[in-house]
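entry_17.cif follows; it contains mmCIF, C-alpha atoms.
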data_model
#
loop_
_atom_site.label_atom_id
_atom_site.label_comp_id
_atom_site.auth_asym_id
_atom_site.auth_seq_id
_atom_site.Cartn_x
_atom_site.Cartn_y
_atom_site.Cartn_z
CA MET A 256 74.23 82.64 133.54
CA ASP A 257 75.94 81.02 130.54
CA ASN A 258 79.02 78.76 130.52
CA ASP A 259 81.29 81.50 129.13
CA ARG A 260 80.50 83.71 132.09
CA ILE A 261 81.22 80.86 134.53
CA ILE A 262 84.56 80.18 132.82
CA LYS A 263 85.45 83.88 132.90
CA LEU A 264 84.62 84.05 136.61
CA LEU A 265 86.58 80.87 137.22
CA LYS A 266 89.66 82.41 135.60
CA GLU A 267 89.21 85.51 137.71
CA ILE A 268 88.98 83.74 141.04
CA CYS A 269 91.91 81.53 140.17
CA SER A 270 94.50 84.28 140.19
CA THR A 271 97.77 83.32 141.86
CA PRO A 272 100.72 85.26 143.27
CA GLU A 273 103.62 85.47 140.82
CA PRO A 274 106.21 82.72 141.25
CA GLU A 275 109.29 84.27 142.85
CA GLU A 276 112.01 81.80 141.93
CA LYS A 277 111.19 81.07 138.32
CA LYS A 278 114.02 83.09 136.76
CA ALA A 279 116.61 81.76 139.20
CA PHE A 280 115.40 78.19 138.61
CA PHE A 281 115.66 78.39 134.82
CA GLN A 282 118.99 80.20 135.11
CA GLY A 283 120.21 77.34 137.33
CA LEU A 284 119.03 74.80 134.76
CA GLU A 285 120.80 76.69 132.01
CA ASP A 286 124.03 76.94 134.01
CA GLN A 287 124.00 73.21 134.59
CA GLY A 288 123.24 72.55 130.91
CA LEU A 289 119.96 70.86 131.78
CA ILE A 290 117.59 73.14 129.92
CA SER A 291 118.20 71.48 126.55
CA ARG A 292 118.08 68.02 128.09
CA ARG A 293 114.67 66.60 127.31
CA PRO A 294 113.48 63.00 127.55
CA VAL A 295 114.30 61.14 124.37
CA VAL A 296 112.14 58.72 122.39
CA ILE A 297 113.18 55.08 122.82
CA ASN A 298 112.50 52.11 120.55
CA HIS A 299 110.40 49.07 121.42
CA GLY A 300 113.43 46.86 122.13
CA ASP A 301 114.80 49.27 124.74
CA PHE A 302 111.34 49.68 126.18
CA LEU A 303 110.92 45.90 126.60
CA LEU A 304 114.39 45.63 128.13
CA ARG A 305 113.54 48.31 130.68
CA GLN A 306 110.30 46.56 131.51
CA PHE A 307 112.21 43.30 131.92
CA PHE A 308 114.31 44.83 134.70
CA TYR A 309 111.25 46.51 136.16
CA VAL A 310 109.47 43.18 136.73
CA GLY A 311 110.02 42.17 140.37
CA LYS A 312 113.05 39.93 141.02
CA TRP A 313 110.93 37.69 143.21
CA ILE A 314 108.71 36.92 140.21
CA TRP A 315 111.67 35.44 138.34
CA LEU A 316 112.91 33.70 141.49
CA LEU A 317 109.52 32.16 142.25
CA SER A 318 109.16 31.02 138.63
CA ALA A 319 112.57 29.35 138.76
CA VAL A 320 111.73 27.66 142.11
CA LEU A 321 108.39 26.41 140.76
CA LEU A 322 109.94 25.07 137.57
CA LEU A 323 112.63 23.32 139.61
CA CYS A 324 109.92 21.86 141.87
CA ILE A 325 108.06 20.53 138.83
CA MET A 326 111.30 18.98 137.57
CA GLY A 327 112.07 17.54 141.01
CA ILE A 328 108.62 15.98 141.36
CA CYS A 329 108.86 14.59 137.84
CA TYR A 330 112.26 13.11 138.72
CA GLY A 331 110.71 11.54 141.80
CA ASN A 332 108.26 9.82 139.45
CA THR A 333 105.15 10.73 141.41
CA GLY A 334 102.58 10.00 138.73
CA ASN A 335 100.63 12.83 137.16
CA TYR A 336 100.92 15.28 140.07
CA PRO A 337 103.63 17.48 138.46
CA PHE A 338 101.06 18.53 135.86
CA ALA A 339 98.92 20.04 138.63
CA LEU A 340 101.69 22.44 139.62
CA THR A 341 101.78 24.42 136.37
CA PRO A 342 98.69 26.58 137.26
CA LEU A 343 100.83 28.10 140.04
CA LEU A 344 103.05 29.64 137.37
CA ALA A 345 100.07 31.76 136.30
CA VAL A 346 100.01 33.35 139.76
CA GLU A 347 103.13 35.32 138.94
CA ILE A 348 101.76 36.79 135.72
CA LEU A 349 98.56 37.85 137.47
CA VAL A 350 100.37 39.27 140.49
CA GLU A 351 102.72 41.23 138.25
CA THR A 352 99.84 42.79 136.32
CA GLY A 353 98.16 43.69 139.62
CA ARG A 354 101.24 45.56 140.79
CA SER A 355 100.13 48.50 138.69
CA SER A 356 96.96 48.87 140.73
CA ARG A 357 98.75 48.46 144.05
CA TRP A 358 101.51 51.02 143.48
CA LYS A 359 99.50 53.82 141.99
CA MET A 360 101.96 56.68 142.23
CA ALA A 361 105.05 55.43 140.43
CA GLU A 362 102.96 53.52 137.96
CA LEU A 363 101.00 56.58 137.01
CA GLU A 364 104.15 58.49 136.25
CA TYR A 365 105.45 55.56 134.28
CA THR A 366 102.29 55.11 132.30
CA ALA A 367 102.16 58.82 131.57
CA ARG A 368 105.33 58.33 129.61
CA PHE A 369 104.58 55.03 127.97
CA SER A 370 100.78 54.51 128.02
CA LEU A 371 99.14 52.00 130.27
CA ARG A 372 98.41 49.67 127.37
CA SER A 373 102.05 49.30 126.33
CA VAL A 374 103.30 48.86 129.90
CA MET A 375 100.79 46.12 130.69
CA LEU A 376 101.28 44.38 127.36
CA ALA A 377 105.04 44.44 127.80
CA ARG A 378 104.86 42.96 131.31
CA ILE A 379 102.35 40.25 130.41
CA PHE A 380 104.40 39.44 127.32
CA LEU A 381 107.72 39.30 129.21
CA VAL A 382 106.57 37.26 132.21
CA GLY A 383 104.41 35.02 130.00
CA ILE A 384 107.13 34.40 127.43
CA VAL A 385 109.86 33.69 130.02
CA GLU A 386 107.62 31.32 132.00
CA THR A 387 106.40 29.52 128.88
CA ALA A 388 109.99 29.16 127.66
CA GLY A 389 110.98 27.80 131.08
CA LEU A 390 108.08 25.38 131.02
CA LEU A 391 109.04 24.19 127.53
CA VAL A 392 112.59 23.51 128.75
CA VAL A 393 111.17 21.60 131.74
CA ILE A 394 108.89 19.58 129.43
CA TRP A 395 111.87 18.68 127.27
CA VAL A 396 113.97 17.71 130.31
CA VAL A 397 111.32 15.67 132.14
CA ARG A 398 109.90 13.90 129.08
CA PRO A 399 112.18 10.80 129.43
CA TRP A 400 110.92 10.30 133.01
CA PHE A 401 107.37 9.78 131.74
CA SER A 402 105.93 7.00 129.65
CA TYR A 403 104.03 9.62 127.60
CA SER A 404 105.06 11.09 124.25
CA LEU A 405 106.53 14.61 124.13
CA ILE A 406 103.30 16.09 122.76
CA ARG A 407 101.26 14.54 125.59
CA VAL A 408 103.62 15.82 128.29
CA PHE A 409 103.42 19.23 126.59
CA LEU A 410 99.60 19.17 126.64
CA TYR A 411 99.37 17.93 130.25
CA MET A 412 101.69 20.71 131.39
CA MET A 413 100.29 23.54 129.27
CA VAL A 414 96.53 22.98 129.64
CA PRO A 415 96.42 23.48 133.45
CA TYR A 416 98.76 26.48 133.12
CA LEU A 417 96.63 28.09 130.41
CA ALA A 418 93.37 27.27 132.22
CA ALA A 419 94.57 29.02 135.39
CA SER A 420 95.87 31.99 133.37
CA LEU A 421 92.53 32.29 131.56
CA LEU A 422 90.37 32.05 134.69
CA GLY A 423 92.65 34.42 136.57
CA SER A 424 92.64 37.00 133.78
CA VAL A 425 88.84 36.84 133.48
CA TYR A 426 88.55 37.31 137.24
CA GLU A 427 90.97 40.25 137.22
CA ARG A 428 89.07 41.84 134.34
CA LYS A 429 85.72 41.53 136.07
CA ASN A 430 86.92 42.40 139.58
CA ARG A 431 89.43 45.20 139.48
CA SER A 432 90.94 45.42 142.96
CA ASP A 433 94.10 46.51 144.74
CA ASN A 434 95.13 42.96 145.48
CA ASN A 435 95.25 39.74 143.50
CA TRP A 436 93.94 37.38 146.12
CA GLY A 437 91.02 36.30 143.93
CA SER A 438 93.19 35.23 141.03
CA ILE A 439 95.78 33.67 143.37
CA ILE A 440 93.01 31.52 144.90
CA ILE A 441 91.82 30.63 141.39
CA CYS A 442 95.31 29.42 140.48
CA PHE A 443 95.59 27.32 143.65
CA LEU A 444 92.09 25.89 143.11
CA SER A 445 93.00 25.00 139.51
CA SER A 446 96.13 23.33 140.79
CA GLY A 447 94.12 21.40 143.39
CA LEU A 448 91.55 20.43 140.79
CA PHE A 449 94.14 19.03 138.40
CA ALA A 450 95.87 17.25 141.32
CA ALA A 451 92.62 15.62 142.38
CA ALA A 452 91.34 14.95 138.85
CA PRO A 453 93.03 11.54 138.33
CA SER A 454 91.41 10.16 141.48
CA TYR A 455 87.87 10.67 140.20
CA LEU A 456 88.67 10.54 136.46
CA SER A 457 91.26 7.80 136.21
CA SER A 458 91.26 7.73 132.43
CA LEU A 459 92.09 11.47 132.14
CA TYR A 460 95.71 10.87 131.13
CA GLU A 461 95.01 7.97 128.76
CA GLU A 462 96.15 8.26 125.16
CA ARG A 463 92.60 8.17 123.74
CA PHE A 464 91.91 11.53 125.35
CA THR A 465 94.84 13.24 123.64
CA VAL A 466 92.49 14.76 121.05
CA ILE A 467 90.38 16.29 123.83
CA TRP A 468 93.52 17.70 125.50
CA THR A 469 94.59 19.14 122.12
CA VAL A 470 91.19 20.75 121.56
CA ALA A 471 91.26 22.12 125.10
CA PHE A 472 94.74 23.54 124.47
CA ILE A 473 93.66 25.29 121.26
CA LEU A 474 90.48 26.63 122.85
CA LEU A 475 92.39 27.90 125.88
CA VAL A 476 95.02 29.67 123.74
CA PHE A 477 92.27 31.33 121.71
CA SER A 478 90.22 32.29 124.78
CA LEU A 479 93.29 33.62 126.57
CA VAL A 480 94.19 35.85 123.63
CA VAL A 481 90.60 37.16 123.46
CA SER A 482 90.45 37.68 127.23
CA MET A 483 93.80 39.49 127.35
CA ARG A 484 92.80 41.69 124.43
CA ARG A 485 89.58 42.69 126.18
CA TRP A 486 91.43 43.25 129.42
CA ILE A 487 93.94 45.56 127.77
CA CYS A 488 91.15 47.44 125.97
CA GLU A 489 89.29 47.95 129.25
CA LEU A 490 92.44 49.26 130.92
CA GLU A 491 92.25 52.31 128.66
CA GLU A 492 89.00 53.22 130.38
CA ALA A 493 90.27 52.67 133.90
CA VAL A 494 90.34 55.76 136.07
CA TRP A 495 93.23 55.32 138.47
CA ASN A 496 92.96 58.17 140.88
CA MET B 203 106.68 72.60 124.49
CA ASN B 204 107.83 75.82 126.12
CA LEU B 205 109.06 74.91 129.60
CA GLU B 206 108.93 78.45 130.99
CA GLU B 207 105.32 78.84 129.89
CA GLN B 208 104.42 75.50 131.40
CA TYR B 209 106.19 76.47 134.65
CA ASP B 210 103.54 79.12 135.28
CA ARG B 211 100.72 76.71 134.57
CA ILE B 212 102.08 73.90 136.68
CA TYR B 213 102.70 76.41 139.46
CA LYS B 214 99.09 77.62 139.19
CA TYR B 215 97.81 74.06 139.23
CA LEU B 216 99.87 73.24 142.33
CA TYR B 217 98.99 76.51 144.04
CA PHE B 218 95.30 75.67 143.85
CA ARG B 219 95.89 72.26 145.25
CA LEU B 220 98.22 73.36 148.07
CA HIS B 221 97.44 77.02 148.70
CA ASP B 222 100.96 77.78 149.71
CA GLN B 223 103.08 79.83 147.38
CA HIS B 224 106.43 78.47 148.51
CA THR B 225 105.36 74.85 148.63
CA ALA B 226 103.71 75.22 145.22
CA GLU B 227 106.89 76.69 143.80
CA ASP B 228 109.07 74.03 145.42
CA LEU B 229 106.92 71.27 143.97
CA THR B 230 106.83 73.00 140.57
CA GLN B 231 110.62 72.95 140.50
CA GLU B 232 110.68 69.34 141.66
CA THR B 233 108.23 68.50 138.86
CA PHE B 234 110.53 70.04 136.25
CA LEU B 235 113.63 68.43 137.72
CA ARG B 236 111.96 65.03 137.58
CA PHE B 237 110.75 65.69 134.06
CA ILE B 238 114.21 66.69 132.87
CA GLY B 239 115.79 63.87 134.88
CA SER B 240 113.82 61.18 133.06
CA ARG B 241 115.91 60.34 130.06
CA THR B 242 113.50 58.14 128.17
CA TYR B 243 110.25 58.66 126.43
CA GLN B 244 108.10 56.82 123.96
CA ASP B 245 105.69 59.38 122.66
CA GLU B 246 106.69 63.02 122.32
CA ASN B 247 103.06 64.10 122.38
CA ARG B 248 102.76 62.96 125.96
CA GLN B 249 105.18 65.45 127.49
CA LEU B 250 102.50 67.79 128.82
CA GLN B 251 100.55 64.89 130.28
CA TYR B 252 103.73 63.64 131.91
CA LEU B 253 104.39 67.01 133.52
CA TYR B 254 100.91 67.17 135.01
CA THR B 255 101.10 63.58 136.18
CA ILE B 256 104.36 64.25 138.04
CA ALA B 257 102.86 67.42 139.56
CA ARG B 258 99.71 65.59 140.62
CA ASN B 259 101.66 62.75 142.16
CA LEU B 260 103.96 65.10 144.05
CA CYS B 261 100.92 66.93 145.33
CA SER B 262 99.25 63.73 146.50
CA GLN B 263 102.51 62.66 148.12
CA TYR B 264 102.67 66.01 149.91
CA TYR B 265 99.09 65.64 151.17
CA ARG B 266 99.83 62.16 152.37
CA ASP B 267 103.03 63.13 154.15
CA LYS B 268 101.55 66.18 155.84
CA MET B 269 98.08 64.71 156.38
CA ILE B 270 96.56 67.86 154.85
CA VAL B 271 92.90 68.10 153.89
CA PHE B 272 92.33 70.32 150.89
CA ASN B 273 90.25 73.40 151.68
CA ILE B 274 89.03 75.21 148.62
CA ASP B 275 87.97 78.28 150.65
CA GLU B 276 91.61 79.06 151.30
CA ALA B 277 92.72 78.39 147.76
CA LEU B 278 90.37 80.65 145.89
CA ASP B 279 90.80 84.37 145.60
CA ILE B 280 88.68 86.29 148.13
CA PRO B 281 86.52 88.90 146.31
CA GLN B 282 87.88 92.45 146.45
CA LEU B 283 85.74 95.11 148.09
CA GLU B 284 85.88 97.56 145.18
CA GLU B 285 84.09 95.15 142.86
CA SER B 286 80.45 95.56 141.96
CA GLU B 287 77.92 93.83 144.17
CA GLN B 288 76.69 91.63 141.32
CA SER B 289 80.22 90.44 140.52
CA LEU B 290 80.92 89.79 144.20
CA LEU B 291 77.77 87.73 144.54
CA GLU B 292 78.62 85.75 141.42
CA ARG B 293 82.11 85.03 142.68
CA ILE B 294 80.88 83.93 146.09
CA SER B 295 78.22 81.69 144.59
CA LEU B 296 80.82 80.22 142.20
CA ILE B 297 83.15 79.45 145.14
CA ASP B 298 80.23 77.82 146.97
CA ALA B 299 79.34 75.82 143.87
CA LEU B 300 82.96 74.71 143.45
CA GLN B 301 83.03 73.54 147.07
CA LYS B 302 80.28 71.08 146.26
CA LEU B 303 82.31 69.49 143.48
CA SER B 304 84.64 66.57 144.02
CA LEU B 305 88.39 67.18 143.94
CA GLU B 306 88.61 65.48 140.55
CA GLU B 307 85.83 67.65 139.12
CA ARG B 308 87.49 70.84 140.37
CA GLU B 309 90.82 69.68 139.04
CA MET B 310 89.33 68.99 135.63
CA LEU B 311 87.78 72.48 135.48
CA LEU B 312 91.07 74.05 136.52
CA LEU B 313 93.06 72.09 133.96
CA ARG B 314 90.73 72.78 131.07
CA TYR B 315 89.51 76.34 131.65
CA VAL B 316 92.20 77.99 133.77
CA ASN B 317 95.34 76.23 132.57
CA ASP B 318 94.00 75.67 129.03
CA VAL B 319 95.21 72.07 128.92
CA PRO B 320 94.03 70.47 125.66
CA VAL B 321 91.25 67.87 125.91
CA PRO B 322 93.41 65.02 124.47
CA VAL B 323 95.98 65.61 127.23
CA ILE B 324 93.28 65.57 129.92
CA SER B 325 91.84 62.38 128.45
CA ARG B 326 95.24 60.69 128.71
CA LEU B 327 95.80 62.10 132.18
CA TYR B 328 92.59 60.55 133.47
CA HIS B 329 92.74 57.48 131.22
CA ILE B 330 89.34 58.22 129.72
CA SER B 331 88.24 58.96 126.17
CA ARG B 332 88.07 62.47 124.75
CA PHE B 333 84.34 62.10 124.44
CA ALA B 334 84.15 61.26 128.15
CA VAL B 335 86.19 64.39 128.98
CA TYR B 336 83.79 66.58 126.97
CA ARG B 337 80.82 64.91 128.60
CA ARG B 338 82.23 65.30 132.11
CA LEU B 339 83.18 68.95 131.61
CA LYS B 340 79.73 69.67 130.27
CA GLY B 341 78.19 67.90 133.27
CA ILE B 342 80.43 69.75 135.76
CA LEU B 343 79.59 73.13 134.24
CA LYS B 344 75.91 72.25 134.34
CA LYS B 345 76.23 71.28 137.99
CA VAL B 346 78.04 74.55 138.81
CA LYS B 347 75.43 76.54 136.91
CA GLU B 348 72.54 74.85 138.72
CA GLU B 349 74.21 75.43 142.09
CA MET B 350 74.81 79.08 141.32
CA GLU B 351 71.29 79.64 140.05
CA GLY B 352 69.89 77.77 143.05
CA GLU B 353 71.82 80.00 145.45
CA ASN B 354 70.86 83.18 143.67
CA GLY B 355 67.23 82.11 143.64
#
As structure tokens, please, write out the structure in this file.
Amino acid sequence: MDNDRIIKLLKEICSTPEPEEKKAFFQGLEDQGLISRRPVVINHGDFLLRQFFYVGKWIWLLSAVLLLCIMGICYGNTGNYPFALTPLLAVEILVETGRSSRWKMAELEYTARFSLRSVMLARIFLVGIVETAGLLVVIWVVRPWFSYSLIRVFLYMMVPYLAASLLGSVYERKNRSDNNWGSIIICFLSSGLFAAAPSYLSSLYEERFTVIWTVAFILLVFSLVVSMRRWICELEEAVWN
Amino acid sequence: MNLEEQYDRIYKYLYFRLHDQHTAEDLTQETFLRFIGSRTYQDENRQLQYLYTIARNLCSQYYRDKMIVFNIDEALDIPQLEESEQSLLERISLIDALQKLSLEEREMLLLRYVNDVPVPVISRLYHISRFAVYRRLKGILKKVKEEMEGENG
């Protein structure tokens, strides 16, 4: 038996009773003026704005609380420990990207309209950009409370944050799951590592290592961009149902 | 996209997933109301995919709410007695072969060959490449063919 015969048989066995309410339904739509109302194409700005409001409120709230904590600890002048808190900011980005896997139904409908790639990129971009902007403001505010230059405070804050984001994104890419526990643990471990680092590497925050911090920062930015790009590309191949 | 034409296809798709004319029609109407109710869109070429995605999600929601297990025996047309014996046998062996497929495989066959959904739309619906859709359809047909030939000896 050839494929054409199978397809013909398939069409035959898939006969359905005629829909009974079709005419009345379309008449109802016409009467209400809905028949000509089709979804309209929106521009990228509107799309980003919609995504901004779609990101969970608690994400923004937690980011604000964390940034305030960092500022508070800096104000309390507790050495280099504030720098170890920035990896926790990465938790929110990773949790937000994981929301798509957890809430399959609504997300599927949403991504049918806008493509998975654009939704994920928009969310990563929005949460990332807002958190980075917040962190930059915090760096500017807390700088006078440290004996370090602005660039050094910037590096000490950004490197742990980027390291946790990179490790978390690599983990999420390799282990696609319905929860983000793996990447959350990675962020907390990174935070713990940077908190403990000065005790076994006392010279870590000395000025002579600024070049190493700068190189680490550049490498992390580059790796993060590469990792995110690969992640987004792989999402196109993900089968959700 | 002709909405009235798509109504029949969405209805057919839902009928084979629910095997209840009234529920299928209710969900078809809900699909169209949701589609019309969504004011925004980014890519006009995705409208068909969007319709099927809403229908599929409503169907899954229905299954989940009612705790229904899909039974393909009930969904497919029972062979009529006046048909030739050969045709009857072929239909029965096709139904048996379809039963051995996964829900996703059956759905893909239905979308492509019964509802004539274009391959690019299916590829976006399943988030796989067009090449992968062709490959899977070919594999599913091969599987069905082998099952049917195996049953008929």
Hey, what comes out of the PyMOL selection byres ((chain A and resi 449) around 10) on this file? Could you write it as a list of chain:residue names?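 Taken on the displayed file, the PyMOL selection byres ((chain A and resi 449) around 10) yields the residues A:Asn335, A:Tyr336, A:Pro337, A:Phe338, A:Ala339, A:Leu340, A:Thr341, A:Pro342, A:Tyr411, A:Val414, A:Pro415, A:Phe443, A:Leu444, A:Ser445, A:Ser446, A:Gly447, A:Leu448, A:Ala450, A:Ala451, A:Ala452, A:Pro453, A:Ser454.
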Nearest residue to chain A from the set B:His329, B:Glu349, B:Glu309, B:Arg338 (distances using all atoms listed in the file):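 For chain A, the nearest of the given residues is B:His329.
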Once the PyMOL selection byres ((chain A and resi 262) around 12) has been applied to the shown file, what residues remain in the selection, as number ranges by chain? A: 256-261, 263-269; B: 292-293, 296, 311-318, 339-340, 342-344, 346-347
With only C-alpha atoms as the basis for distance, which of B:Gly341, B:Gly239, B:Pro322, B:Gly352 is at the shortest distance from chain A?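 The closest residue to chain A is B:Gly239.
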Taking all atoms listed in the file into account, which of B:Leu205, B:Leu220, B:Ile294, B:Leu229 comes nearest Leu250 in chain B?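 Among B:Leu205, B:Leu220, B:Ile294, B:Leu229, it is B:Leu205 that comes nearest to Leu250 in chain B.
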Quote the spacing between CA of Ala345 in chain A and CA of Phe472 in chain A in Å to one decimal place. 15.4 Å
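The residue that comes closest to chain A, out of B:Asp222, B:Ile330, B:Met350, B:Ser295 and on the basis of all atoms listed in the file, is B:Ile330.
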Using the chain letters and residue numbers of this document, give as a ChimeraX atom specification the residues selected by the PyMOL selection byres ((chain B and resi 251) around 8). /A:367 /B:248-250,252-255,323-324,326-327
Given all atoms listed in the file as the counted atoms, nearest of B:Arg236, B:Lys302, B:Arg308, B:Arg332 to Tyr215 in chain B: B:Arg308
What is the distance between CA of Ile379 in chain A and CA of Ile348 in chain A, in Å to one decimal?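 Going from CA of Ile379 in chain A over to CA of Ile348 in chain A, I get 6.4 Å.
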Excluding Ser438 in chain A and its own-chain neighbours fewer than 4 positions away, which residues fall within 10 Å of it when counting only C-alpha atoms? Please give them as a list in words.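 After dropping sequence-adjacent residues, the list is Ala345, Val346, Leu349, Val350, Gly353, Ala419, Ser420, Leu421, Leu422, Gly423, Ser424, Val425, Tyr426, Glu427, Asn430, Asn434, Cys442, Phe443 and Leu444 of chain A.
With all atoms listed in the file as the atoms that count, the residue of A:Ser458, A:Gln306, A:Thr469, A:Ser318 with the shortest distance to Val393 in chain A is A:Ser318.
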At what distance in Å, to one decimal, does CA of Asp228 in chain B lie from CA of Leu300 in chain B?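 CA of Asp228 in chain B lies at a distance of 26.2 Å from CA of Leu300 in chain B.
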At a cut-off of 12 Å from (103.1, 14.9, 124.8) in the coordinates of the file, what residues are picked up using all atoms listed in the file, written as a list in words?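 Protein and nucleic acid residues near the point are Phe338, Leu391, Ile394, Trp395, Val397, Arg398, Pro399, Phe401, Ser402, Tyr403, Ser404, Leu405, Ile406, Arg407, Val408, Phe409, Leu410, Tyr411, Met412, Met413, Val414, Tyr460, Glu461, Glu462, Phe464, Thr465, Val466, Trp468 and Thr469 of chain A.
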